[in-house]
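What follows is the content of coords_7.pdb (PDB, C-alpha atoms).
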```pdb
ATOM      1  CA  MET B   1       0.000   0.000   0.000
ATOM      2  CA  ASN B   2       2.610   2.567   1.045
ATOM      3  CA  ALA B   3       5.988   2.290  -0.617
ATOM      4  CA  GLN B   4       9.089   2.315   1.574
ATOM      5  CA  LYS B   5       8.988   5.501   3.637
ATOM      6  CA  PRO B   6      12.270   7.385   3.249
ATOM      7  CA  GLY B   7      13.567   9.514   6.081
ATOM      8  CA  LEU B   8      12.069   7.783   9.105
ATOM      9  CA  HIS B   9      14.256   7.202  12.178
ATOM     10  CA  PRO B  10      16.090   3.821  12.090
ATOM     11  CA  ARG B  11      14.206   2.623  15.206
ATOM     12  CA  ASN B  12      10.803   3.574  13.772
ATOM     13  CA  ARG B  13       8.597   0.483  13.313
ATOM     14  CA  HIS B  14       6.880   1.895  10.226
ATOM     15  CA  HIS B  15       9.547   1.741   7.515
ATOM     16  CA  SER B  16       7.818  -0.810   5.342
ATOM     17  CA  ARG B  17       4.393  -0.991   3.707
ATOM     18  CA  TYR B  18       1.416  -1.480   5.976
ATOM     19  CA  ASP B  19       0.521  -5.162   6.226
ATOM     20  CA  LEU B  20      -3.218  -4.632   5.958
ATOM     21  CA  ASP B  21      -4.068  -8.287   6.665
ATOM     22  CA  ALA B  22      -2.170  -8.181   9.965
ATOM     23  CA  LEU B  23      -3.677  -4.797  10.802
ATOM     24  CA  CYS B  24      -7.183  -6.123  10.146
ATOM     25  CA  VAL B  25      -6.495  -8.888  12.657
ATOM     26  CA  ALA B  26      -5.551  -6.205  15.188
ATOM     27  CA  ASN B  27      -8.653  -4.148  14.348
ATOM     28  CA  PRO B  28     -11.279  -6.032  12.284
ATOM     29  CA  SER B  29     -13.288  -2.826  11.671
ATOM     30  CA  LEU B  30     -10.449  -1.617   9.424
ATOM     31  CA  ARG B  31     -11.654  -4.057   6.753
ATOM     32  CA  ASP B  32     -14.720  -1.869   6.118
ATOM     33  CA  PHE B  33     -12.451   0.937   4.876
ATOM     34  CA  ILE B  34     -10.134  -0.965   2.539
ATOM     35  CA  THR B  35     -10.414   0.005  -1.130
ATOM     36  CA  ALA B  36      -8.256  -0.479  -4.222
ATOM     37  CA  ASN B  37      -6.034   2.268  -5.610
ATOM     38  CA  PRO B  38      -5.711   2.870  -9.405
ATOM     39  CA  LYS B  39      -3.001   0.169  -9.543
ATOM     40  CA  GLY B  40      -5.378  -2.324  -7.950
ATOM     41  CA  GLU B  41      -3.468  -2.401  -4.638
ATOM     42  CA  ALA B  42      -5.290  -2.483  -1.317
ATOM     43  CA  THR B  43      -5.325   0.864   0.475
ATOM     44  CA  ILE B  44      -7.593   3.100   2.554
ATOM     45  CA  ASP B  45      -9.044   6.526   1.827
ATOM     46  CA  PHE B  46      -6.759   8.851   3.780
ATOM     47  CA  ALA B  47      -9.212  11.733   3.320
ATOM     48  CA  GLU B  48     -11.876   9.859   5.309
ATOM     49  CA  PRO B  49     -11.420  10.555   9.051
ATOM     50  CA  GLN B  50     -13.151   7.305  10.108
ATOM     51  CA  ALA B  51     -10.780   5.295   7.884
ATOM     52  CA  VAL B  52      -7.719   7.033   9.313
ATOM     53  CA  LYS B  53      -9.066   6.463  12.835
ATOM     54  CA  ALA B  54      -9.564   2.738  12.123
ATOM     55  CA  LEU B  55      -6.009   2.535  10.744
ATOM     56  CA  ASN B  56      -4.617   4.246  13.848
ATOM     57  CA  LYS B  57      -6.544   1.898  16.110
ATOM     58  CA  ALA B  58      -5.006  -1.041  14.237
ATOM     59  CA  LEU B  59      -1.467   0.398  14.285
ATOM     60  CA  LEU B  60      -1.609   1.116  18.024
ATOM     61  CA  ALA B  61      -2.896  -2.390  18.794
ATOM     62  CA  HIS B  62      -0.503  -4.195  16.437
ATOM     63  CA  PHE B  63       2.720  -2.308  17.137
ATOM     64  CA  TYR B  64       2.276  -0.726  20.581
ATOM     65  CA  ASP B  65       0.007  -3.134  22.471
ATOM     66  CA  VAL B  66      -2.670  -0.460  22.960
ATOM     67  CA  ARG B  67      -5.796  -2.610  22.711
ATOM     68  CA  GLU B  68      -8.370   0.073  23.470
ATOM     69  CA  TRP B  69      -8.132   3.374  21.613
ATOM     70  CA  ASP B  70     -10.778   5.748  20.357
ATOM     71  CA  ILE B  71     -11.287   9.494  20.050
ATOM     72  CA  PRO B  72     -14.466  11.549  19.734
ATOM     73  CA  ASP B  73     -15.424  12.710  16.244
ATOM     74  CA  GLY B  74     -13.938  16.059  15.302
ATOM     75  CA  PHE B  75     -10.615  15.571  17.119
ATOM     76  CA  LEU B  76      -7.239  15.299  15.451
ATOM     77  CA  THR B  77      -6.305  11.828  14.211
ATOM     78  CA  PRO B  78      -2.505  11.875  14.303
ATOM     79  CA  PRO B  79      -0.228  10.102  11.791
ATOM     80  CA  VAL B  80       1.351   7.366  13.924
ATOM     81  CA  PRO B  81       4.687   6.982  12.020
ATOM     82  CA  GLY B  82       5.448  10.700  12.299
ATOM     83  CA  ARG B  83       4.568  10.856  15.997
ATOM     84  CA  ALA B  84       6.780   7.827  16.667
ATOM     85  CA  ASP B  85       9.621   9.563  14.815
ATOM     86  CA  TYR B  86       9.564  12.546  17.195
ATOM     87  CA  LEU B  87       9.880  10.189  20.172
ATOM     88  CA  HIS B  88      12.793   8.221  18.682
ATOM     89  CA  HIS B  89      14.700  11.423  17.897
ATOM     90  CA  LEU B  90      13.871  12.717  21.392
ATOM     91  CA  ALA B  91      15.420   9.526  22.809
ATOM     92  CA  ASP B  92      18.618  10.420  20.929
ATOM     93  CA  VAL B  93      18.568  13.922  22.442
ATOM     94  CA  LEU B  94      18.317  12.422  25.943
ATOM     95  CA  ALA B  95      21.134   9.976  25.132
ATOM     96  CA  GLU B  96      23.373  12.969  24.338
ATOM     97  CA  SER B  97      23.612  13.761  28.063
ATOM     98  CA  ASN B  98      23.952  10.110  29.056
ATOM     99  CA  GLU B  99      27.144   8.975  27.291
ATOM    100  CA  GLY B 100      25.171   7.993  24.210
ATOM    101  CA  GLN B 101      22.833   5.645  26.092
ATOM    102  CA  ILE B 102      19.056   6.105  25.871
ATOM    103  CA  PRO B 103      17.923   6.413  29.504
ATOM    104  CA  ALA B 104      15.959   3.447  30.811
ATOM    105  CA  GLN B 105      13.866   5.758  32.974
ATOM    106  CA  SER B 106      12.686   9.190  31.967
ATOM    107  CA  SER B 107       9.899  11.538  32.919
ATOM    108  CA  VAL B 108       8.438  13.467  29.982
ATOM    109  CA  LEU B 109       5.863  16.267  29.827
ATOM    110  CA  ASP B 110       3.577  16.135  26.772
ATOM    111  CA  VAL B 111       2.238  19.673  26.320
ATOM    112  CA  GLY B 112      -1.279  19.438  24.858
ATOM    113  CA  THR B 113      -1.593  15.672  24.870
ATOM    114  CA  GLY B 114      -4.895  15.811  22.987
ATOM    115  CA  ALA B 115      -7.829  13.418  22.905
ATOM    116  CA  ASN B 116      -5.571  10.825  21.239
ATOM    117  CA  CYS B 117      -2.824  10.734  23.943
ATOM    118  CA  ILE B 118      -0.523   9.466  21.184
ATOM    119  CA  TYR B 119       2.923  10.442  22.480
ATOM    120  CA  PRO B 120       2.520   8.805  25.916
ATOM    121  CA  LEU B 121       1.125   5.615  24.326
ATOM    122  CA  ILE B 122       4.065   5.200  21.944
ATOM    123  CA  GLY B 123       6.760   6.578  24.262
ATOM    124  CA  HIS B 124       5.832   4.322  27.165
ATOM    125  CA  HIS B 125       5.746   1.222  24.951
ATOM    126  CA  GLU B 126       9.026   1.969  23.164
ATOM    127  CA  TYR B 127      11.122   3.261  26.072
ATOM    128  CA  GLY B 128       9.231   2.647  29.310
ATOM    129  CA  TRP B 129       9.103   6.397  29.973
ATOM    130  CA  ARG B 130       6.640   7.981  32.384
ATOM    131  CA  PHE B 131       4.483  10.797  31.032
ATOM    132  CA  THR B 132       2.513  13.754  32.288
ATOM    133  CA  GLY B 133       0.081  15.013  29.661
ATOM    134  CA  SER B 134      -1.285  18.542  29.924
ATOM    135  CA  GLU B 135      -4.512  19.572  28.219
ATOM    136  CA  ILE B 136      -6.781  22.628  28.183
ATOM    137  CA  ASN B 137      -9.812  21.040  26.500
ATOM    138  CA  ASP B 138     -12.166  19.128  28.831
ATOM    139  CA  ALA B 139     -13.440  16.742  26.138
ATOM    140  CA  ALA B 140      -9.871  15.937  25.071
ATOM    141  CA  LEU B 141      -8.880  15.322  28.692
ATOM    142  CA  THR B 142     -11.842  12.980  29.198
ATOM    143  CA  SER B 143     -10.972  11.054  26.031
ATOM    144  CA  ALA B 144      -7.276  10.717  26.940
ATOM    145  CA  GLN B 145      -8.205   9.533  30.448
ATOM    146  CA  ALA B 146     -10.589   6.934  28.995
ATOM    147  CA  ILE B 147      -7.746   5.532  26.843
ATOM    148  CA  ILE B 148      -5.386   5.363  29.834
ATOM    149  CA  SER B 149      -8.010   3.706  32.049
ATOM    150  CA  ALA B 150      -8.950   1.128  29.371
ATOM    151  CA  ASN B 151      -5.414  -0.204  28.865
ATOM    152  CA  PRO B 152      -3.858  -2.181  31.744
ATOM    153  CA  GLY B 153      -0.668  -0.700  33.159
ATOM    154  CA  LEU B 154      -1.012   2.724  31.560
ATOM    155  CA  SER B 155      -2.435   4.462  34.622
ATOM    156  CA  ARG B 156       0.854   3.811  36.435
ATOM    157  CA  ALA B 157       2.824   5.340  33.554
ATOM    158  CA  VAL B 158       0.690   8.262  32.389
ATOM    159  CA  ARG B 159      -0.984  11.004  34.406
ATOM    160  CA  LEU B 160      -2.986  13.917  33.043
ATOM    161  CA  ARG B 161      -3.141  17.513  34.191
ATOM    162  CA  ARG B 162      -5.604  20.189  33.216
ATOM    163  CA  GLN B 163      -4.091  23.497  32.132
ATOM    164  CA  LYS B 164      -6.486  25.889  33.864
ATOM    165  CA  ASP B 165      -5.016  29.080  32.395
ATOM    166  CA  PRO B 166      -5.726  29.420  28.645
ATOM    167  CA  SER B 167      -2.943  31.985  28.325
ATOM    168  CA  ALA B 168      -0.259  29.700  29.846
ATOM    169  CA  ILE B 169       1.619  26.737  28.396
ATOM    170  CA  LEU B 170       4.096  25.399  30.988
ATOM    171  CA  ALA B 171       3.149  27.615  33.940
ATOM    172  CA  GLY B 172       0.628  25.898  36.201
ATOM    173  CA  VAL B 173       1.434  22.480  34.748
ATOM    174  CA  ILE B 174       5.014  22.038  35.987
ATOM    175  CA  HIS B 175       4.679  22.027  39.751
ATOM    176  CA  LYS B 176       7.215  23.270  42.280
ATOM    177  CA  ASN B 177      10.057  20.788  42.936
ATOM    178  CA  GLU B 178       9.073  18.608  39.944
ATOM    179  CA  GLN B 179      11.662  17.624  37.366
ATOM    180  CA  TYR B 180      11.203  16.494  33.773
ATOM    181  CA  ASP B 181      13.884  15.068  31.529
ATOM    182  CA  ALA B 182      12.107  16.462  28.478
ATOM    183  CA  THR B 183       9.010  18.258  27.280
ATOM    184  CA  LEU B 184       7.455  17.667  23.875
ATOM    185  CA  CYS B 185       4.765  19.529  22.012
ATOM    186  CA  ASN B 186       2.878  19.504  18.729
ATOM    187  CA  PRO B 187       1.827  23.177  18.641
ATOM    188  CA  PRO B 188      -1.142  24.566  16.728
ATOM    189  CA  PHE B 189       0.471  25.839  13.547
ATOM    190  CA  HIS B 190      -2.231  27.951  11.892
ATOM    191  CA  ASP B 191      -2.872  31.541  12.960
ATOM    192  CA  SER B 192      -6.648  31.539  12.328
ATOM    193  CA  ALA B 193      -9.630  29.286  11.645
ATOM    194  CA  GLN B 194      -9.545  30.464   8.004
ATOM    195  CA  SER B 195      -5.904  29.434   7.637
ATOM    196  CA  ALA B 196      -6.648  26.025   9.202
ATOM    197  CA  GLN B 197      -9.541  25.543   6.756
ATOM    198  CA  ALA B 198      -7.346  26.536   3.791
ATOM    199  CA  GLY B 199      -4.674  24.051   4.949
ATOM    200  CA  SER B 200      -7.314  21.369   5.206
ATOM    201  CA  GLU B 201      -8.571  22.072   1.676
ATOM    202  CA  ARG B 202      -4.996  21.949   0.363
ATOM    203  CA  LYS B 203      -4.554  18.535   1.979
ATOM    204  CA  ARG B 204      -7.789  17.312   0.444
ATOM    205  CA  ARG B 205      -6.744  18.514  -3.022
ATOM    206  CA  ASN B 206      -3.421  16.693  -2.621
ATOM    207  CA  LEU B 207      -5.416  13.549  -1.847
ATOM    208  CA  GLY B 208      -7.627  14.160  -4.904
ATOM    209  CA  GLN B 209     -10.739  14.942  -2.856
ATOM    210  CA  ALA B 210     -13.547  17.433  -3.414
ATOM    211  CA  ALA B 211     -13.820  20.500  -1.169
ATOM    212  CA  SER B 212     -15.393  19.903   2.208
ATOM    213  CA  ASP B 213     -16.222  21.706   5.436
ATOM    214  CA  ALA B 214     -14.649  18.889   7.450
ATOM    215  CA  ALA B 215     -11.033  19.523   8.433
ATOM    216  CA  ASN B 216      -8.917  16.713   7.062
ATOM    217  CA  PHE B 217      -8.043  14.228   9.852
ATOM    218  CA  GLY B 218     -10.282  16.264  12.186
ATOM    219  CA  GLY B 219      -9.052  18.769  14.712
ATOM    220  CA  GLN B 220     -10.431  21.158  17.311
ATOM    221  CA  GLN B 221      -9.582  24.855  17.459
ATOM    222  CA  GLN B 222      -6.880  24.401  20.138
ATOM    223  CA  GLU B 223      -5.244  21.647  18.076
ATOM    224  CA  LEU B 224      -5.125  23.546  14.785
ATOM    225  CA  TRP B 225      -4.758  27.266  15.351
ATOM    226  CA  CYS B 226      -3.958  30.014  17.845
ATOM    227  CA  GLU B 227      -3.431  33.760  17.647
ATOM    228  CA  GLY B 228      -0.108  34.369  15.893
ATOM    229  CA  GLY B 229       0.192  30.712  14.847
ATOM    230  CA  GLU B 230       3.097  28.396  15.527
ATOM    231  CA  VAL B 231       5.738  31.100  16.008
ATOM    232  CA  ALA B 232       3.731  32.968  18.657
ATOM    233  CA  PHE B 233       2.941  29.743  20.520
ATOM    234  CA  ILE B 234       6.525  28.448  20.570
ATOM    235  CA  CYS B 235       7.953  31.904  21.437
ATOM    236  CA  LYS B 236       5.598  31.981  24.442
ATOM    237  CA  MET B 237       6.771  28.499  25.435
ATOM    238  CA  ILE B 238      10.412  29.614  25.124
ATOM    239  CA  ALA B 239       9.738  32.652  27.335
ATOM    240  CA  GLU B 240       7.948  30.511  29.946
ATOM    241  CA  SER B 241      10.688  27.852  29.860
ATOM    242  CA  GLN B 242      13.123  30.281  31.510
ATOM    243  CA  GLN B 243      11.317  29.984  34.839
ATOM    244  CA  PHE B 244      11.725  26.171  34.720
ATOM    245  CA  ALA B 245      15.365  26.252  33.581
ATOM    246  CA  ARG B 246      16.503  24.050  36.506
ATOM    247  CA  GLN B 247      13.489  21.718  36.462
ATOM    248  CA  VAL B 248      13.691  20.491  32.856
ATOM    249  CA  LEU B 249      16.707  19.041  31.049
ATOM    250  CA  TRP B 250      15.444  19.491  27.447
ATOM    251  CA  PHE B 251      12.506  21.545  26.220
ATOM    252  CA  THR B 252      11.362  20.568  22.715
ATOM    253  CA  SER B 253       8.691  21.490  20.197
ATOM    254  CA  LEU B 254       7.756  20.478  16.674
ATOM    255  CA  VAL B 255       8.195  23.242  14.084
ATOM    256  CA  SER B 256       6.094  22.602  10.982
ATOM    257  CA  ARG B 257       7.613  25.361   8.828
ATOM    258  CA  GLY B 258      11.355  25.640   8.355
ATOM    259  CA  ASP B 259      11.122  29.366   7.604
ATOM    260  CA  ASN B 260       9.878  29.923  11.177
ATOM    261  CA  LEU B 261      13.234  28.815  12.601
ATOM    262  CA  PRO B 262      15.190  32.134  12.455
ATOM    263  CA  GLU B 263      12.612  33.911  14.636
ATOM    264  CA  LEU B 264      12.585  30.993  17.097
ATOM    265  CA  TYR B 265      16.396  30.935  17.267
ATOM    266  CA  ARG B 266      16.351  34.662  18.068
ATOM    267  CA  ALA B 267      13.863  34.034  20.878
ATOM    268  CA  LEU B 268      16.075  31.233  22.247
ATOM    269  CA  THR B 269      19.155  33.479  22.228
ATOM    270  CA  GLN B 270      17.169  36.187  23.995
ATOM    271  CA  ALA B 271      15.949  33.679  26.598
ATOM    272  CA  GLY B 272      19.520  32.577  27.327
ATOM    273  CA  ALA B 273      19.330  28.979  26.085
ATOM    274  CA  VAL B 274      22.761  27.370  26.560
ATOM    275  CA  LYS B 275      22.400  24.784  23.788
ATOM    276  CA  VAL B 276      19.919  24.488  20.929
ATOM    277  CA  MET B 277      19.511  21.450  18.666
ATOM    278  CA  LYS B 278      17.413  20.893  15.570
ATOM    279  CA  LYS B 279      16.327  17.394  14.555
ATOM    280  CA  GLU B 280      15.177  17.032  10.945
ATOM    281  CA  MET B 281      12.477  14.457  10.227
ATOM    282  CA  ALA B 282      10.930  13.268   6.979
ATOM    283  CA  GLN B 283       8.106  10.947   6.067
ATOM    284  CA  GLY B 284       7.971  10.539   2.304
ATOM    285  CA  GLN B 285       7.518  14.040   0.871
ATOM    286  CA  LYS B 286       6.578  15.572   4.225
ATOM    287  CA  GLN B 287       9.430  17.423   5.899
ATOM    288  CA  SER B 288       9.286  18.298   9.576
ATOM    289  CA  ARG B 289      11.627  19.012  12.433
ATOM    290  CA  PHE B 290      11.743  19.758  16.115
ATOM    291  CA  ILE B 291      13.931  22.079  18.115
ATOM    292  CA  ALA B 292      15.354  21.231  21.531
ATOM    293  CA  TRP B 293      16.846  23.697  23.984
ATOM    294  CA  THR B 294      18.363  23.564  27.437
ATOM    295  CA  PHE B 295      19.524  26.085  30.016
ATOM    296  CA  LEU B 296      22.026  23.627  31.517
ATOM    297  CA  ASP B 297      25.653  23.512  30.402
ATOM    298  CA  GLU B 298      27.412  20.254  29.546
ATOM    299  CA  THR B 299      28.638  19.623  33.103
ATOM    300  CA  GLN B 300      25.168  20.218  34.538
ATOM    301  CA  ARG B 301      23.571  17.967  31.914
ATOM    302  CA  LYS B 302      25.976  15.137  32.756
ATOM    303  CA  ARG B 303      25.270  15.582  36.449
ATOM    304  CA  TRP B 304      21.535  15.494  35.711
ATOM    305  CA  ALA B 305      21.952  12.231  33.779
ATOM    306  CA  GLN B 306      24.008  10.630  36.566
ATOM    307  CA  SER B 307      21.415  11.490  39.192
ATOM    308  CA  ARG B 308      18.253  10.627  37.202
ATOM    309  CA  PHE B 309      18.931   8.116  34.417
ATOM    310  CA  LYS B 310      19.120   4.553  35.615
ATOM    311  CA  GLY B 311      20.538   1.719  33.540
TER     312      GLY B 311
END
```
Can you give me the file's structure in the form of structure tokens?
Amino acid sequence: MNAQKPGLHPRNRHHSRYDLDALCVANPSLRDFITANPKGEATIDFAEPQAVKALNKALLAHFYDVREWDIPDGFLTPPVPGRADYLHHLADVLAESNEGQIPAQSSVLDVGTGANCIYPLIGHHEYGWRFTGSEINDAALTSAQAIISANPGLSRAVRLRRQKDPSAILAGVIHKNEQYDATLCNPPFHDSAQSAQAGSERKRRNLGQAASDAANFGGQQQELWCEGGEVAFICKMIAESQQFARQVLWFTSLVSRGDNLPELYRALTQAGAVKVMKKEMAQGQKQSRFIAWTFLDETQRKRWAQSRFKG
């Protein structure tokens, strides 16, 4: 169905074509969405949110042992291979402070975990990490909690926190005396509802679909857009990160547009970040990246690793 996917991290489980027969065993409802492409090969309609949701359900069950997963209609259905890629590259960032070894135990903050709770599900399975997921949307929080509660063992590994202040990102979520080895975030990248709709239509055209009011792959306002878009959101996170400089080893965020980087680098310099890294990611034609920054120098990072990373 999918040709080999160039650019994925070597540890990513999704390098080869989807084995639809195996995935249908993991989630039998996926069979209802299988169609043939012009070459006569089995595929699904990636412009149909219910089909993408069924595929995700199958991927999470088959590869990550998440047997129960669902999200309410209208919420973002994330592409699993790309989300896994962020986590594998993040593991490499953490290894940088730990003599090249991926830490066996880490505590990670997922900013805006969403109804799908995708990063904690994959990150806990792949690396055994513990997660705190923050969320501002009540329906998303309820959905994420239902996923955690439905899968044995997850409630010990993942906890959720409501962000009560709509104008804050890290403040109010990172508590006094808490430490996190990393934060991760998939920020809203549009600057308005109109821009989000235009992006959705572009995606549909690329998939050969007619225009529609439904945002492709779903998505609520908080997931898709915010005032000032991605740059404003990440710059606010960078500014807030200064007050948690000694509580977090690496702050990270996805950056969907490469031409946003210069402004973000300026904000990081202004904030006094000691080290900044960029990790490039690719999934087929789609290019993405995340930036990571820390306020700790090399000696402090090594000391952090010695005191917190076991194994």
Selection near Asn27 (chain B), 8 Å with only C-alpha atoms, sequence-local residues under 6 positions removed, as a PyMOL selection string
chain B and resi 54+57-58+61
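Put simply, CA of Gln283 (chain B) is 12.3 Å away from CA of Pro10 (chain B).
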Name the closest residue to Val66 (chain B) among the candidates B:Ala84, B:Leu20, B:Val93, B:Ile147; distances are taken between atoms, counting only C-alpha atoms.
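Result for the nearest residue to Val66 (chain B): B:Ile147.
Among the candidates B:Arg301, B:Lys176, B:Arg13, B:Arg246, the one nearest to Arg83 (chain B) when counting only C-alpha atoms is B:Arg13.
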Using the chain letters and residue numbers of this document, give as a PyMOL selection string the residues selected by the PyMOL selection byres ((chain B and resi 293) around 6).
chain B and resi 250-251+275-276+292+294
Writer output for current selection, C-alpha atoms, as a compact mmCIF listing (two decimals), keeping the file's coordinate frame:
```txt
# COMPACT_ATOMS: atom_id res chain seq x y z
CA TRP B 250 15.44 19.49 27.45
CA PHE B 251 12.51 21.54 26.22
CA LYS B 275 22.40 24.78 23.79
CA VAL B 276 19.92 24.49 20.93
CA ALA B 292 15.35 21.23 21.53
CA THR B 294 18.36 23.56 27.44
```
List the spatial neighbours of Lys278 (chain B) as a ChimeraX atom specification - criterion: any atom at most 8 Å away, all atoms listed in the file, same-chain residues fewer than 4 positions off excluded.
/B:289-292
Selected residues written out with C-alpha atoms, as a PDB file, in the coordinates of the input:
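Contents of again19.pdb, freshly written:
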```
ATOM      1  CA  ARG B 289      11.627  19.012  12.433  1.00  0.00           C
ATOM      2  CA  PHE B 290      11.743  19.758  16.115  1.00  0.00           C
ATOM      3  CA  ILE B 291      13.931  22.079  18.115  1.00  0.00           C
ATOM      4  CA  ALA B 292      15.354  21.231  21.531  1.00  0.00           C
TER       5      ALA B 292
END
```
In Å, how far is it from CA of Gly133 (chain B) to CA of Pro166 (chain B)?
15.6 Å
With region 253-262 of chain B as the partner and 12 Å as the cut-off, tabulate the residues of region 91-176 of chain B that qualify, each row holding the nearest pair of atoms and their distance in Å to one decimal, using all atoms listed in the file, sorted by chain and rising number, as a Markdown table.
```
| residue | atom | partner | partner_atom | distance |
| --- | --- | --- | --- | --- |
| B:Leu109 | CA | B:Ser253 | CA | 11.3 |
| B:Asp110 | CA | B:Ser253 | CA | 9.9 |
| B:Val111 | CA | B:Ser253 | CA | 9.1 |
| B:Gly112 | CA | B:Ser253 | CA | 11.2 |
```
Would you kindly return, as a ChimeraX atom specification, each protein, DNA or RNA residue with an atom no farther than 8 Å from any atom of Gln179 (chain B), considering all atoms listed in the file and excluding same-chain residues fewer than 5 positions away?
/B:107,247-248
From the list B:Gly100, B:Pro49, B:Pro38, B:Gly82, which residue is nearest Glu280 (chain B) when using all atoms listed in the file?
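Of B:Gly100, B:Pro49, B:Pro38, B:Gly82, the one nearest Glu280 (chain B) is B:Gly82, counting all atoms listed in the file.
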For the PyMOL selection byres ((chain B and resi 171) around 12), applied here, can you spell out every residue it catches as an MDAnalysis selection string?
chainID B and resid 111 134 161:170 172:176 236:244
With C-alpha atoms kept, could you save the residues just selected as a PDB file, in the frame of the given file?
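Once everything was written out, this is selection33.pdb:
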```
ATOM      1  CA  VAL B 111       2.238  19.673  26.320  1.00  0.00           C
ATOM      2  CA  SER B 134      -1.285  18.542  29.924  1.00  0.00           C
ATOM      3  CA  ARG B 161      -3.141  17.513  34.191  1.00  0.00           C
ATOM      4  CA  ARG B 162      -5.604  20.189  33.216  1.00  0.00           C
ATOM      5  CA  GLN B 163      -4.091  23.497  32.132  1.00  0.00           C
ATOM      6  CA  LYS B 164      -6.486  25.889  33.864  1.00  0.00           C
ATOM      7  CA  ASP B 165      -5.016  29.080  32.395  1.00  0.00           C
ATOM      8  CA  PRO B 166      -5.726  29.420  28.645  1.00  0.00           C
ATOM      9  CA  SER B 167      -2.943  31.985  28.325  1.00  0.00           C
ATOM     10  CA  ALA B 168      -0.259  29.700  29.846  1.00  0.00           C
ATOM     11  CA  ILE B 169       1.619  26.737  28.396  1.00  0.00           C
ATOM     12  CA  LEU B 170       4.096  25.399  30.988  1.00  0.00           C
ATOM     13  CA  GLY B 172       0.628  25.898  36.201  1.00  0.00           C
ATOM     14  CA  VAL B 173       1.434  22.480  34.748  1.00  0.00           C
ATOM     15  CA  ILE B 174       5.014  22.038  35.987  1.00  0.00           C
ATOM     16  CA  HIS B 175       4.679  22.027  39.751  1.00  0.00           C
ATOM     17  CA  LYS B 176       7.215  23.270  42.280  1.00  0.00           C
ATOM     18  CA  LYS B 236       5.598  31.981  24.442  1.00  0.00           C
ATOM     19  CA  MET B 237       6.771  28.499  25.435  1.00  0.00           C
ATOM     20  CA  ILE B 238      10.412  29.614  25.124  1.00  0.00           C
ATOM     21  CA  ALA B 239       9.738  32.652  27.335  1.00  0.00           C
ATOM     22  CA  GLU B 240       7.948  30.511  29.946  1.00  0.00           C
ATOM     23  CA  SER B 241      10.688  27.852  29.860  1.00  0.00           C
ATOM     24  CA  GLN B 242      13.123  30.281  31.510  1.00  0.00           C
ATOM     25  CA  GLN B 243      11.317  29.984  34.839  1.00  0.00           C
ATOM     26  CA  PHE B 244      11.725  26.171  34.720  1.00  0.00           C
TER      27      PHE B 244
END
```
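A straight line drawn from CA of Ala273 (chain B) to CA of Thr183 (chain B) is 14.9 Å long.
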Since I can't run it myself right now, could you work out what the PyMOL selection byres ((chain B and resi 32) around 12) selects here and report it as a list in words?
Leu20, Cys24, Asn27, Pro28, Ser29, Leu30, Arg31, Phe33, Ile34, Thr35, Thr43, Ile44, Asp45, Gln50, Ala51, Val52, Ala54 and Leu55 of chain B
Contacts of Met281 (chain B) at 7 Å or less, counting all atoms listed in the file, minus same-chain residues fewer than 5 places along, as a list of chain:residue names?
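Counting only the stated atoms, we get B:Gly7, B:Leu8, B:Gln287, B:Ser288, B:Arg289.
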Writing out the chosen residues with C-alpha atoms as a CSV table (one decimal), keeping the file's coordinate frame:
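Result written to part.csv:
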```csv
chain,number,residue,atom,x,y,z
B,7,GLY,CA,13.6,9.5,6.1
B,8,LEU,CA,12.1,7.8,9.1
B,287,GLN,CA,9.4,17.4,5.9
B,288,SER,CA,9.3,18.3,9.6
B,289,ARG,CA,11.6,19.0,12.4
```
If the box runs along x, y and z of the file and leaves 5 Å on each side of region 63-75 of chain B, what are its centre and edge lengths in Å, one decimal, as AutoDock Vina command-line options?
```
--center_x -6.4 --center_y 6.5 --center_z 19.4 --size_x 28.1 --size_y 29.2 --size_z 18.2
```
Near Arg130 (chain B), within 12 Å and counting all atoms listed in the file, which residues show up once chain neighbours fewer than 4 positions away are dropped, as a PyMOL selection string?
chain B and resi 103-110+119-126+153-160+179-183
Using all atoms listed in the file, list the residues that have an atom at most 6 Å from (-3.6, 14.1, 26.7), coordinates as in the file, as a PDB file with C-alpha atoms, in the coordinates of the input.
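After the write, result_3.pdb holds the following:
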```pdb
ATOM      1  CA  THR B 113      -1.593  15.672  24.870  1.00  0.00           C
ATOM      2  CA  GLY B 114      -4.895  15.811  22.987  1.00  0.00           C
ATOM      3  CA  ALA B 115      -7.829  13.418  22.905  1.00  0.00           C
ATOM      4  CA  CYS B 117      -2.824  10.734  23.943  1.00  0.00           C
ATOM      5  CA  GLY B 133       0.081  15.013  29.661  1.00  0.00           C
ATOM      6  CA  SER B 134      -1.285  18.542  29.924  1.00  0.00           C
ATOM      7  CA  GLU B 135      -4.512  19.572  28.219  1.00  0.00           C
ATOM      8  CA  LEU B 141      -8.880  15.322  28.692  1.00  0.00           C
ATOM      9  CA  ALA B 144      -7.276  10.717  26.940  1.00  0.00           C
TER      10      ALA B 144
END
```
